[in-house]
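Encoded as structure tokens, the structure appears first; notes follow it.
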Amino acid sequence: MPWKEVLPMEQRVNFVLEVKGGEENFSRLCRRYAISRKTGYKWWTRFCERGLEGMRERSSRPWHSPRRSAAKWNRAVIKLRERYPWWGAKKLRAKLRERYERAAAVPAASTLEAMLVRAGLVRSRRRRRPHSEAGTERGQLSVASKANEVWAVDFKGWFKTGDGKRCQPLTISDLATRYVLCCRALEEQSFGRVYPIMTRVFKLYGLPRIIRVDNGSPFASGGVGGLSRLSVWWMRLGIRVEFITPGNPQQNGSHERMHRTLKLEDAGAPPYNARQQQRRFDVWRRRFNTQRPHEALGQERPAKLYQRSARAYRDTKELPSPRYPLGWSVRRVRSNGEIKWHGRKRFIGEALIGQLIGLKPVQADRCEVYFMSRLLRALHPAEADFCRTPAYGLRPAKSAQWSNKKCHLGPRSKV
């Protein structure tokens, strides 16, 4: 026999009607309905006051919530979210704290997040698994602790404008302050396009200590040491060049994250030509630097933390030639990328044409080739092309060998 389903409302009505009939003791009725006497008197009192309508369940919502956020914050965060649709609750809270003097009165980020969820302005997304950096040689890269310590230079993925031409944005950012120094729409990735842009940025912001790039053109090449004309120029300016491990873009994660923000906030159909696209990039860069708070900076804006470098730009014609330690031979790379060593031609690389390189003697028939402090190759007469990478890999020369007292230009070969 199935159990008979009885609703709570029906039980309460039956209980009060039996109490009203007075045929049974009140305590016995409470025991039969499995309720306490306190609960029984509660329902009997409500029945006497409001009749059967009083048997309905009342809301347990409190009359007053002293800690509840004011309605003005709900309107303010929704309005701000509509203006900055890609900002989360943390960034919106930082913006609200800037607008209102009483910063302590601004609700917490979790409260603002709940307001956005109720308004339907936030949608859940799939969480990504944390990426392990094991084997990425992250320890070999420098840590950006202050402005102009490390700059990141890269090309964002290309797209076509309305006139059918390719647009390849060149981006430069300071990793310590997240300040975007350049976002330039270029037609191609080449030395001739990048060189004038980099020169303009150097004149405007000064020189960094390190530039970090990937292994693509025009930043790197397949030649000796992976150097290109662009990276050789940077080294001549006194800038150390860092290459990330191939296939590991997470080593330049903050710059790649900036690319993601650029893609989201600059979404939509591309304009007709590169000039219109550049105007959009300029507006985005100004907004990114001066308005958008960054969680990695404690919700500060990059423009508030960045300052121009103290190292001024100088043309390479005004720079002194590279100097090498005593006992080294010095050669100038010819127009075909070769030098002479042991009476025979050795190919060094087209990226070093016209540059002075140092030959450090290791054995009677072997030497190591350096460009400034960077080890490029080891020369071996037994090799077919007389040039191969040393077994111990690339390494900088010892800093003690680079004091001015022990340096000289060394003998030059006839070119």
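Going through the structure tokens in order, the chains are called A, B, and so on, while each chain numbers its residues from 1 and the ligands are numbered from 1 in the order shown.
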Per-residue DSSP, range 158-345 of chain A, filtered to helix (DSSP H, G or I), as JSON, numbers by chain:
{"A": [191, 192, 193, 194, 195, 196, 197, 198, 199, 200, 201, 202, 203, 204, 205, 224, 225, 226, 229, 230, 231, 232, 233, 234, 235, 236, 249, 250, 251, 252, 253, 254, 255, 256, 257, 258, 259, 260, 261, 262, 263, 264, 265, 274, 275, 276, 277, 278, 279, 280, 281, 282, 283, 284, 285, 286, 287, 288, 289, 290, 295, 296, 297, 302, 303, 304, 305, 316, 317, 318]}
Might you pull out every residue within 8 Å of Gly354 in chain A, with only C-alpha atoms counted and same-chain residues fewer than 2 positions away left off, and present them as a list in words?
Arg332, Val333, Arg334, Ser335, Leu352 and Leu356 of chain A
When you draw a straight line from CA of Cys182 in chain A to CA of Ser142 in chain A, how long is it in Å?
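It comes out at 21.5 Å.
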Where does range 356-376 of chain A meet range 229-239 of chain A within 10 Å, residue by residue, with the nearest atom pair and distance in Å to one decimal for each, counting only C-alpha atoms, listed by chain and rising number, as a Markdown table?
| residue | atom | partner | partner_atom | distance |
| --- | --- | --- | --- | --- |
| A:Phe371 | CA | A:Val232 | CA | 8.8 |
| A:Met372 | CA | A:Met235 | CA | 8.0 |
| A:Ser373 | CA | A:Met235 | CA | 9.3 |
| A:Arg374 | CA | A:Met235 | CA | 9.4 |
Output file for the residues above (all heavy atoms, as a PDB file, in the first residue's frame):
ATOM      1  N   PHE A 371      81.204  38.064 -30.462  1.00  0.00           N
ATOM      2  CA  PHE A 371      80.784  39.411 -30.828  1.00  0.00           C
ATOM      3  C   PHE A 371      80.434  40.134 -29.533  1.00  0.00           C
ATOM      4  O   PHE A 371      79.468  39.768 -28.859  1.00  0.00           O
ATOM      5  CB  PHE A 371      79.587  39.414 -31.772  1.00  0.00           C
ATOM      6  CG  PHE A 371      79.056  40.790 -32.047  1.00  0.00           C
ATOM      7  CD1 PHE A 371      79.833  41.738 -32.690  1.00  0.00           C
ATOM      8  CD2 PHE A 371      77.789  41.165 -31.641  1.00  0.00           C
ATOM      9  CE1 PHE A 371      79.368  43.020 -32.929  1.00  0.00           C
ATOM     10  CE2 PHE A 371      77.303  42.442 -31.872  1.00  0.00           C
ATOM     11  CZ  PHE A 371      78.094  43.375 -32.524  1.00  0.00           C
ATOM     12  N   MET A 372      81.235  41.100 -29.180  1.00  0.00           N
ATOM     13  CA  MET A 372      81.145  41.765 -27.890  1.00  0.00           C
ATOM     14  C   MET A 372      81.262  40.704 -26.789  1.00  0.00           C
ATOM     15  O   MET A 372      82.248  39.979 -26.763  1.00  0.00           O
ATOM     16  CB  MET A 372      79.875  42.607 -27.808  1.00  0.00           C
ATOM     17  CG  MET A 372      79.791  43.675 -28.914  1.00  0.00           C
ATOM     18  SD  MET A 372      78.340  44.735 -28.850  1.00  0.00           S
ATOM     19  CE  MET A 372      78.728  45.728 -27.400  1.00  0.00           C
ATOM     20  N   SER A 373      80.271  40.533 -25.924  1.00  0.00           N
ATOM     21  CA  SER A 373      80.384  39.540 -24.857  1.00  0.00           C
ATOM     22  C   SER A 373      79.694  38.234 -25.199  1.00  0.00           C
ATOM     23  O   SER A 373      79.628  37.334 -24.355  1.00  0.00           O
ATOM     24  CB  SER A 373      79.777  40.097 -23.558  1.00  0.00           C
ATOM     25  OG  SER A 373      78.411  40.391 -23.746  1.00  0.00           O
ATOM     26  N   ARG A 374      79.181  38.078 -26.405  1.00  0.00           N
ATOM     27  CA  ARG A 374      78.405  36.888 -26.776  1.00  0.00           C
ATOM     28  C   ARG A 374      79.242  35.918 -27.579  1.00  0.00           C
ATOM     29  O   ARG A 374      79.809  36.270 -28.616  1.00  0.00           O
ATOM     30  CB  ARG A 374      77.167  37.289 -27.567  1.00  0.00           C
ATOM     31  CG  ARG A 374      76.196  36.135 -27.790  1.00  0.00           C
ATOM     32  CD  ARG A 374      74.982  36.588 -28.559  1.00  0.00           C
ATOM     33  NE  ARG A 374      73.992  35.536 -28.696  1.00  0.00           N
ATOM     34  CZ  ARG A 374      73.033  35.275 -27.822  1.00  0.00           C
ATOM     35  NH1 ARG A 374      72.933  36.031 -26.737  1.00  0.00           N
ATOM     36  NH2 ARG A 374      72.172  34.312 -28.008  1.00  0.00           N
TER      37      ARG A 374
END
Can you tell me, as JSON, numbers by chain, which residues in range 212-388 of chain A count as strand (DSSP E or B) by DSSP?
{"A": [212, 213, 240, 241, 242, 243, 294, 300, 324, 325, 329, 330, 331, 332, 338, 339, 340, 341, 344, 345, 346, 347, 356, 357, 358, 359, 360, 361, 362, 363, 366, 367, 368, 369, 370, 371, 374, 375, 376, 377, 378, 379, 388]}
